[in-house]
>>> print(open('final.txt').read())   # compact mmCIF, C-alpha atoms
# COMPACT_ATOMS: atom_id res chain seq x y z
CA MET A 1 110.84 92.66 98.12
CA LYS A 2 111.95 90.50 95.18
CA SER A 3 115.14 91.14 93.40
CA GLY A 4 114.87 92.72 89.98
CA SER A 5 111.97 94.95 90.91
CA LEU A 6 111.52 98.67 90.95
CA VAL A 7 109.48 100.14 93.86
CA ILE A 8 107.87 103.54 93.61
CA PRO A 9 107.52 104.94 97.19
CA PHE A 10 104.35 106.43 98.49
CA ILE A 11 104.20 110.22 99.02
CA SER A 12 101.19 111.65 100.99
CA PRO A 13 99.28 114.10 98.80
CA ARG A 14 98.03 117.36 100.26
CA ILE A 15 94.72 118.23 98.63
CA SER A 16 92.17 120.60 100.12
CA PRO A 17 88.61 119.16 100.15
CA ARG A 18 87.25 122.59 99.19
CA ARG A 19 89.29 122.50 95.98
CA THR A 20 88.27 118.96 95.09
CA HIS A 21 86.59 118.72 91.72
CA PRO A 22 82.86 117.78 91.92
CA HIS A 23 83.42 114.69 89.84
CA LEU A 24 86.18 113.60 92.26
CA ARG A 25 83.84 114.09 95.25
CA SER A 26 81.12 112.05 93.56
CA THR A 27 83.47 109.20 92.83
CA ALA A 28 84.78 109.24 96.40
CA GLN A 29 81.25 109.11 97.80
CA LYS A 30 80.49 105.99 95.78
CA ILE A 31 83.64 104.28 97.01
CA SER A 32 83.09 105.28 100.63
CA LYS A 33 79.84 103.26 100.85
CA ARG A 34 82.01 100.11 100.87
CA PHE A 35 83.84 101.16 104.03
CA THR A 36 82.16 101.59 107.46
CA SER A 37 85.06 102.07 109.87
CA SER A 38 88.48 103.58 110.26
CA ARG A 39 91.35 101.36 109.16
CA ILE A 40 95.14 101.50 109.21
CA PHE A 41 97.01 100.91 105.94
CA PHE A 42 100.74 100.30 105.87
CA LEU A 43 102.34 101.62 102.71
CA PRO A 44 106.00 101.97 101.73
CA TYR A 45 107.76 104.50 103.98
CA THR A 46 104.51 105.58 105.81
CA SER A 47 101.38 104.50 107.63
CA ILE A 48 97.94 106.16 107.44
CA SER A 49 95.29 106.22 110.14
CA MET A 50 92.23 108.26 109.33
CA PRO A 51 88.43 108.10 109.27
CA LEU A 52 87.26 106.97 105.93
CA THR A 53 85.42 110.02 104.72
CA PRO A 54 84.55 109.98 101.03
CA LEU A 55 87.47 112.18 100.09
CA ARG A 56 89.97 110.39 102.28
CA THR A 57 88.75 107.03 101.04
CA PHE A 58 89.36 108.12 97.48
CA LEU A 59 92.80 109.44 98.27
CA LEU A 60 93.66 106.22 100.07
CA LEU A 61 92.59 104.06 97.15
CA SER A 62 94.40 106.35 94.73
CA THR A 63 97.56 105.97 96.80
CA LEU A 64 97.23 102.19 96.80
CA ALA A 65 96.89 102.22 93.05
CA ALA A 66 99.94 104.46 92.74
CA THR A 67 102.04 102.18 94.95
CA VAL A 68 103.12 99.72 92.27
CA THR A 69 105.87 97.25 91.73
CA LEU A 70 107.33 97.28 88.22
CA PRO A 71 109.31 94.22 87.17
CA ILE A 72 112.63 94.95 85.42
CA PRO A 73 113.34 92.53 82.59
CA SER A 74 116.49 90.47 83.21
CA ALA A 75 119.43 91.20 80.87
CA HIS A 76 120.57 88.46 78.54
CA CYS A 77 124.33 88.99 77.92
CA SER A 78 126.26 87.40 75.10
CA GLN A 79 130.06 87.62 74.60
CA THR A 80 131.04 89.73 71.62
CA ALA A 81 134.34 90.62 70.01
CA ASP A 82 134.43 93.83 72.06
CA THR A 83 133.93 92.14 75.45
CA ALA A 84 135.84 88.91 74.84
CA GLU A 85 139.18 88.48 76.54
CA THR A 86 142.09 89.21 74.24
CA ALA A 87 145.44 87.48 73.94
CA THR A 88 148.51 89.14 75.45
CA LEU A 89 152.14 88.92 74.39
CA VAL A 90 155.08 89.35 76.79
CA THR A 91 158.72 89.66 75.71
CA THR A 92 161.58 88.82 78.07
CA PRO A 93 163.65 90.93 78.39
CA SER A 94 161.22 93.80 77.91
CA ARG A 95 163.81 95.82 75.93
CA LEU A 96 165.54 94.24 72.95
CA SER A 97 168.58 95.33 70.97
CA ASN A 98 170.32 93.85 67.96
CA GLY A 99 171.83 90.54 69.04
CA SER A 100 169.31 89.93 71.84
CA PRO A 101 167.74 86.52 72.37
CA CYS A 102 164.30 86.66 73.95
CA LEU A 103 161.51 84.55 75.38
CA LEU A 104 158.10 85.22 73.84
CA THR A 105 155.13 84.32 76.05
CA ILE A 106 151.54 84.49 74.80
CA HIS A 107 148.53 84.14 77.11
CA LEU A 108 145.31 83.06 75.36
CA ARG A 109 141.67 83.23 76.50
CA SER A 110 141.42 79.41 76.32
CA ALA A 111 143.42 76.30 75.43
CA ALA A 112 144.90 76.08 71.93
CA THR A 113 145.96 73.24 69.67
CA THR A 114 148.68 75.17 67.80
CA VAL A 115 150.32 78.60 67.95
CA THR A 116 152.58 79.94 65.20
CA ALA A 117 154.02 83.33 64.34
CA LYS A 118 156.01 85.28 61.78
CA TRP A 119 158.66 87.77 62.88
CA GLN A 120 161.46 89.41 60.87
CA SER A 121 160.58 87.03 58.03
CA HIS A 122 161.34 84.09 60.34
CA PRO A 123 158.88 81.43 61.47
CA VAL A 124 158.48 81.42 65.25
CA LEU A 125 157.63 78.02 66.74
CA PHE A 126 155.84 77.90 70.10
CA PHE A 127 155.53 75.14 72.70
CA ALA A 128 152.69 74.86 75.21
CA SER A 129 152.28 74.98 78.96
CA PRO A 130 150.43 72.03 80.56
CA ASP A 131 147.03 73.78 80.27
CA ARG A 132 147.80 74.85 76.67
CA SER A 133 146.50 78.39 77.26
CA THR A 134 150.03 79.80 77.67
CA TRP A 135 152.62 79.25 74.94
CA TYR A 136 156.34 80.01 74.73
CA ALA A 137 158.99 80.49 72.06
CA ILE A 138 162.68 81.38 72.00
CA ALA A 139 163.48 83.95 69.34
CA GLY A 140 165.98 86.73 68.78
CA VAL A 141 167.31 89.69 66.81
CA ASP A 142 170.37 89.20 64.62
CA VAL A 143 173.47 91.15 65.61
CA ALA A 144 173.42 92.91 62.23
CA ALA A 145 169.73 93.93 62.45
CA THR A 146 168.81 97.60 61.99
CA PRO A 147 167.09 99.22 64.99
CA GLY A 148 163.38 99.90 64.58
CA ASN A 149 159.94 98.40 65.10
CA TYR A 150 159.44 94.85 63.88
CA PRO A 151 155.82 93.65 63.53
CA ILE A 152 154.93 90.16 64.68
CA THR A 153 151.75 88.27 63.76
CA ILE A 154 150.69 85.36 65.96
CA GLU A 155 148.07 82.81 64.90
CA ALA A 156 146.39 80.63 67.53
CA HIS A 157 143.96 77.81 66.77
CA LEU A 158 141.87 77.21 69.90
CA GLN A 159 140.46 73.90 71.05
CA ASP A 160 136.90 75.25 70.87
CA GLY A 161 137.30 75.58 67.11
CA THR A 162 137.83 79.35 67.04
CA HIS A 163 140.88 81.26 65.86
CA GLN A 164 142.78 84.21 67.32
CA THR A 165 145.18 86.54 65.52
CA LEU A 166 147.44 88.92 67.42
CA HIS A 167 149.36 91.79 65.79
CA ARG A 168 152.08 93.60 67.72
CA ASP A 169 155.17 95.72 67.08
CA ILE A 170 158.37 94.79 68.93
CA ALA A 171 160.88 97.62 69.30
CA VAL A 172 164.59 96.94 68.74
CA THR A 173 167.25 99.44 69.84
CA ALA A 174 170.92 99.71 68.89
CA ALA A 175 173.45 97.91 71.11
CA PRO A 176 176.77 99.74 71.78
CA TYR A 177 179.24 97.30 70.20
CA ALA A 178 182.91 98.24 70.07
CA LYS A 179 185.75 97.66 67.57
CA VAL A 180 188.61 95.24 68.18
CA THR A 181 191.93 95.00 66.29
CA LEU A 182 193.44 91.51 65.79
CA THR A 183 196.38 89.97 63.93
CA VAL A 184 196.18 86.57 62.24
CA PRO A 185 198.07 84.78 59.43
CA ASP A 186 197.43 86.41 56.05
CA LYS A 187 195.82 83.27 54.60
CA PHE A 188 192.80 83.88 56.86
CA VAL A 189 192.39 87.46 55.57
CA GLN A 190 193.26 86.90 51.92
CA PRO A 191 192.88 83.16 51.23
CA ASP A 192 194.48 81.74 48.10
CA ALA A 193 192.64 79.76 45.42
CA GLU A 194 193.13 76.42 47.17
CA SER A 195 191.91 77.80 50.46
CA GLN A 196 188.87 79.32 48.75
CA LYS A 197 187.90 75.86 47.49
CA ILE A 198 188.08 74.54 51.04
CA ILE A 199 186.04 77.48 52.31
CA ALA A 200 183.36 76.86 49.65
CA ALA A 201 183.20 73.15 50.54
CA ASP A 202 182.95 74.03 54.23
CA GLN A 203 180.04 76.34 53.49
CA LEU A 204 178.11 73.51 51.87
CA ILE A 205 178.70 71.35 54.94
CA LYS A 206 177.44 74.10 57.24
CA ASP A 207 174.45 74.87 55.06
CA LYS A 208 173.42 71.22 55.17
CA ALA A 209 173.80 71.06 58.94
CA PHE A 210 171.83 74.28 59.49
CA ALA A 211 169.06 73.34 57.03
CA SER A 212 166.78 71.62 59.54
CA SER A 213 166.05 71.64 63.24
CA ALA A 214 164.00 69.44 65.57
CA PRO A 215 160.29 70.41 65.55
CA LYS A 216 160.14 70.44 69.35
CA PRO A 217 162.38 71.72 72.16
CA GLU A 218 165.36 69.49 72.86
CA TRP A 219 166.75 71.63 75.67
CA THR A 220 166.12 71.11 79.41
CA GLY A 221 165.97 74.08 81.75
CA ASP A 222 168.16 77.16 81.48
CA PHE A 223 171.25 77.42 79.26
CA LEU A 224 174.60 77.38 81.06
CA PRO A 225 178.12 78.55 80.04
CA PRO A 226 180.34 75.91 78.36
CA LEU A 227 183.36 76.44 80.62
CA LYS A 228 183.68 76.68 84.37
CA GLN A 229 185.44 79.78 85.72
CA ALA A 230 186.77 80.81 82.31
CA PRO A 231 186.94 84.58 81.71
CA ARG A 232 185.57 85.99 78.47
CA SER A 233 188.27 87.50 76.28
CA ASP A 234 186.11 89.08 73.57
CA SER A 235 182.54 90.27 73.70
CA PHE A 236 179.72 89.50 71.35
CA GLY A 237 179.00 91.99 68.58
CA THR A 238 182.40 93.69 68.38
CA GLN A 239 183.58 94.78 64.94
CA ARG A 240 186.72 92.76 64.28
CA ILE A 241 189.56 94.33 62.29
CA PHE A 242 191.94 91.59 61.10
CA ASN A 243 195.37 92.84 59.95
CA GLY A 244 194.01 96.35 59.41
CA THR A 245 190.91 95.23 57.47
CA LEU A 246 187.36 95.23 58.84
CA ALA A 247 186.46 91.59 58.27
CA SER A 248 183.34 90.83 60.29
CA VAL A 249 181.19 91.36 63.33
CA HIS A 250 182.01 88.97 66.15
CA ARG A 251 179.04 86.62 66.30
CA GLY A 252 179.82 84.85 69.55
CA LEU A 253 181.65 84.90 72.88
CA ASP A 254 185.34 84.06 73.28
CA TYR A 255 186.53 82.38 76.48
CA ARG A 256 190.18 82.25 77.51
CA ALA A 257 191.05 78.59 77.96
CA ALA A 258 194.29 76.60 77.96
CA PRO A 259 194.53 73.96 75.23
CA GLY A 260 192.70 70.78 76.22
CA THR A 261 190.21 72.45 78.58
CA PRO A 262 186.94 70.41 78.66
CA VAL A 263 184.08 72.08 76.78
CA ALA A 264 180.51 71.29 77.88
CA ALA A 265 177.26 71.48 75.92
CA ILE A 266 175.31 74.55 77.03
CA ASN A 267 172.10 72.50 76.94
CA SER A 268 170.76 69.19 75.72
CA GLY A 269 170.30 68.49 72.03
CA ARG A 270 171.55 66.53 69.03
CA VAL A 271 174.99 66.92 67.41
CA ILE A 272 174.54 67.99 63.77
CA LEU A 273 178.17 68.86 62.88
CA ALA A 274 181.48 67.63 64.34
CA GLN A 275 184.62 68.17 62.20
CA PRO A 276 187.46 70.60 61.37
CA LEU A 277 186.66 73.60 59.12
CA PHE A 278 188.91 76.27 57.57
CA PHE A 279 187.94 79.32 59.62
CA GLU A 280 186.32 77.57 62.58
CA GLY A 281 189.01 74.94 63.18
CA GLY A 282 187.62 72.01 65.17
CA CYS A 283 183.88 72.69 65.21
CA VAL A 284 180.81 71.18 66.88
CA VAL A 285 177.22 72.30 66.34
CA ILE A 286 174.32 71.15 68.57
CA ASP A 287 170.68 71.49 67.58
CA HIS A 288 168.48 72.37 70.56
CA GLY A 289 165.23 72.32 68.58
CA LEU A 290 162.86 74.94 67.14
CA GLY A 291 165.70 76.54 65.15
CA LEU A 292 168.00 77.16 68.13
CA MET A 293 171.60 75.90 67.83
CA SER A 294 174.93 76.32 69.61
CA VAL A 295 178.33 76.45 67.83
CA TYR A 296 181.71 75.61 69.43
CA MET A 297 184.88 76.58 67.52
CA HIS A 298 188.71 76.35 67.54
CA LEU A 299 188.59 72.96 69.28
CA SER A 300 191.75 70.87 69.60
CA LYS A 301 189.77 67.61 70.05
CA ILE A 302 186.20 66.57 69.32
CA ASP A 303 184.59 63.97 71.61
CA VAL A 304 181.16 63.55 69.93
CA THR A 305 179.85 62.37 66.57
CA VAL A 306 177.07 63.57 64.27
CA GLY A 307 173.68 62.23 65.34
CA GLU A 308 174.68 61.78 68.98
CA THR A 309 172.29 63.09 71.64
CA VAL A 310 173.95 65.01 74.48
CA SER A 311 172.66 66.44 77.75
CA ARG A 312 173.36 69.81 79.33
CA GLY A 313 176.89 69.82 80.78
CA HIS A 314 178.03 66.83 78.69
CA ILE A 315 181.72 67.17 77.66
CA ILE A 316 181.72 67.42 73.88
CA ALA A 317 185.28 68.59 73.07
CA ARG A 318 188.55 70.19 74.24
CA SER A 319 189.48 73.82 73.64
CA GLY A 320 192.36 74.79 71.35
CA ALA A 321 193.67 77.34 68.83
CA THR A 322 192.71 75.77 65.50
CA GLY A 323 191.32 77.72 62.52
CA ARG A 324 191.40 81.53 62.46
CA ALA A 325 192.45 82.07 66.07
CA THR A 326 194.88 84.45 67.75
CA GLY A 327 195.60 81.99 70.55
CA PRO A 328 194.04 79.21 72.67
CA HIS A 329 190.41 79.96 73.42
CA LEU A 330 186.86 78.76 72.91
CA HIS A 331 184.46 80.57 70.61
CA LEU A 332 180.80 79.97 71.47
CA GLY A 333 178.07 81.00 69.06
CA VAL A 334 174.27 80.85 69.42
CA ARG A 335 172.20 80.71 66.27
CA TRP A 336 168.41 81.04 65.89
CA GLN A 337 166.76 80.69 62.47
CA GLY A 338 170.02 81.83 60.87
CA SER A 339 170.44 84.85 63.18
CA TYR A 340 173.37 85.05 65.60
CA LEU A 341 172.51 86.01 69.17
CA ASP A 342 174.47 87.00 72.27
CA PRO A 343 175.14 83.82 74.34
CA ALA A 344 175.62 85.83 77.53
CA LYS A 345 172.07 87.18 77.26
CA LEU A 346 170.74 83.67 76.60
CA PHE A 347 172.28 82.54 79.91
CA GLU A 348 170.32 85.30 81.69
CA LEU A 349 166.93 84.00 80.52
CA SER A 350 164.84 81.95 82.94
CA LEU A 351 163.11 79.46 80.66
CA PRO A 352 159.98 77.36 81.20
CA GLN A 353 160.46 73.61 81.17
CA PRO A 354 159.35 72.11 77.84
CA ARG A 355 156.94 69.18 78.18
>>> encode(input="final.txt", output="structure tokens")
Amino acid sequence: MKSGSLVIPFISPRISPRRTHPHLRSTAQKISKRFTSSRIFFLPYTSISMPLTPLRTFLLLSTLAATVTLPIPSAHCSQTADTAETATLVTTPSRLSNGSPCLLTIHLRSAATTVTAKWQSHPVLFFASPDRSTWYAIAGVDVAATPGNYPITIEAHLQDGTHQTLHRDIAVTAAPYAKVTLTVPDKFVQPDAESQKIIAADQLIKDKAFASSAPKPEWTGDFLPPLKQAPRSDSFGTQRIFNGTLASVHRGLDYRAAPGTPVAAINSGRVILAQPLFFEGGCVVIDHGLGLMSVYMHLSKIDVTVGETVSRGHIIARSGATGRATGPHLHLGVRWQGSYLDPAKLFELSLPQPR
């Protein structure tokens, strides 16, 4: 039996010769003249052995005519929007809170030439896996962000000339940040006119440094802490009360460190700022590409210059107590597209190797 066919099985009819219509008997008699002996016919699911009387001959021929094979037309399938594979988006970690960095991974139905996105009014820049069907981006939620659902729109231009758009909502919950009371010299809480001029000039320097970032990843592998075996003295996101006044939210991690302790780059990148500032003291900023930067503050000595390329673990400075500091320590900040993220959570991410 050929594939794609429908077989109707034979079923032996039970018809009494006495009840056969005269016209049926006449037709059978005409057919029977062509047969002179008994024959055996093998039909689906049965065999028949009988003398070929006129009636039986007719029934036999009727059965043969009823035993038919009906071809089933083959189906011609075409891929439509409903059956086509869709893109999927994965966030790591799966639950985000204000201050969380995250790895965005998008899996496409085929290779793409470019993938871009918009999230929280920020551009999200992706880099590709070797087969270009999976794309990655580092992003994050600012520490001051309000909890809620934040829509993201991803645009992918595929190598076959088609285009995919993916709309998703990413939920952000509230992180339980505490309050911390600190005491510093009054000039850092209520700066005088001269200090305000310095602060304004510093802001211009920082704005210029933060204005651009490398268009591709400059980092290599996972991000690592800047100090070895140094305990953290203040957590990210705490509300800091200086001299009785709520001044700011802590936008980084503080590490206890004796003056002169070597400070390492948390990953490879290019130095975009290296100088003393009013609040930050000795300060170094490294651009890791795609809007991701690391900030090192209160340094007693700076060992790199602007424009220098450094690798992960490279010693860039020495810790100190310069700027608005309550004692010797290192402040580490992580900045993405102007948002400040928790460095400790960045260290927990397992990142794909940029190529």
>>> closest_residue(input="final.txt", among="A:Leu224, A:Leu204, A:Ile106, A:Leu349", to="Ser311 (chain A)", atoms="all atoms listed in the file")
A:Leu224
>>> atom_distance(input="final.txt", atom1="CA of Leu125 (chain A)", atom2="CA of Phe347 (chain A)")
20.2 Å
>>> residues_around(input="final.txt", residues="Leu166 (chain A)", least_positions_apart="2", cutoff="9 Å", atoms="all atoms listed in the file", output="ChimeraX atom specification")
/A:86-89,152-156,164,168
>>> write_last_selection(input="final.txt", atoms="C-alpha atoms", output="short mmCIF file (atom, residue, chain, number, x, y, z; two decimals), in the coordinates of the input")
data_model
loop_
_atom_site.label_atom_id
_atom_site.label_comp_id
_atom_site.auth_asym_id
_atom_site.auth_seq_id
_atom_site.Cartn_x
_atom_site.Cartn_y
_atom_site.Cartn_z
CA THR A 86 142.09 89.21 74.24
CA ALA A 87 145.44 87.48 73.94
CA THR A 88 148.51 89.14 75.45
CA LEU A 89 152.14 88.92 74.39
CA ILE A 152 154.93 90.16 64.68
CA THR A 153 151.75 88.27 63.76
CA ILE A 154 150.69 85.36 65.96
CA GLU A 155 148.07 82.81 64.90
CA ALA A 156 146.39 80.63 67.53
CA GLN A 164 142.78 84.21 67.32
CA ARG A 168 152.08 93.60 67.72
#
>>> atom_distance(input="final.txt", atom1="CA of Thr92 (chain A)", atom2="CA of Arg355 (chain A)")
20.2 Å
>>> closest_residue(input="final.txt", among="A:Thr134, A:Cys283, A:Pro123, A:Val115", to="Pro352 (chain A)", atoms="all atoms listed in the file")
A:Thr134
>>> atom_distance(input="final.txt", atom1="CA of Pro354 (chain A)", atom2="CA of Phe126 (chain A)")
10.3 Å
>>> closest_residue(input="final.txt", among="A:Ala111, A:Val172, A:Ala117, A:Val285", to="Pro130 (chain A)", atoms="all atoms listed in the file")
A:Ala111
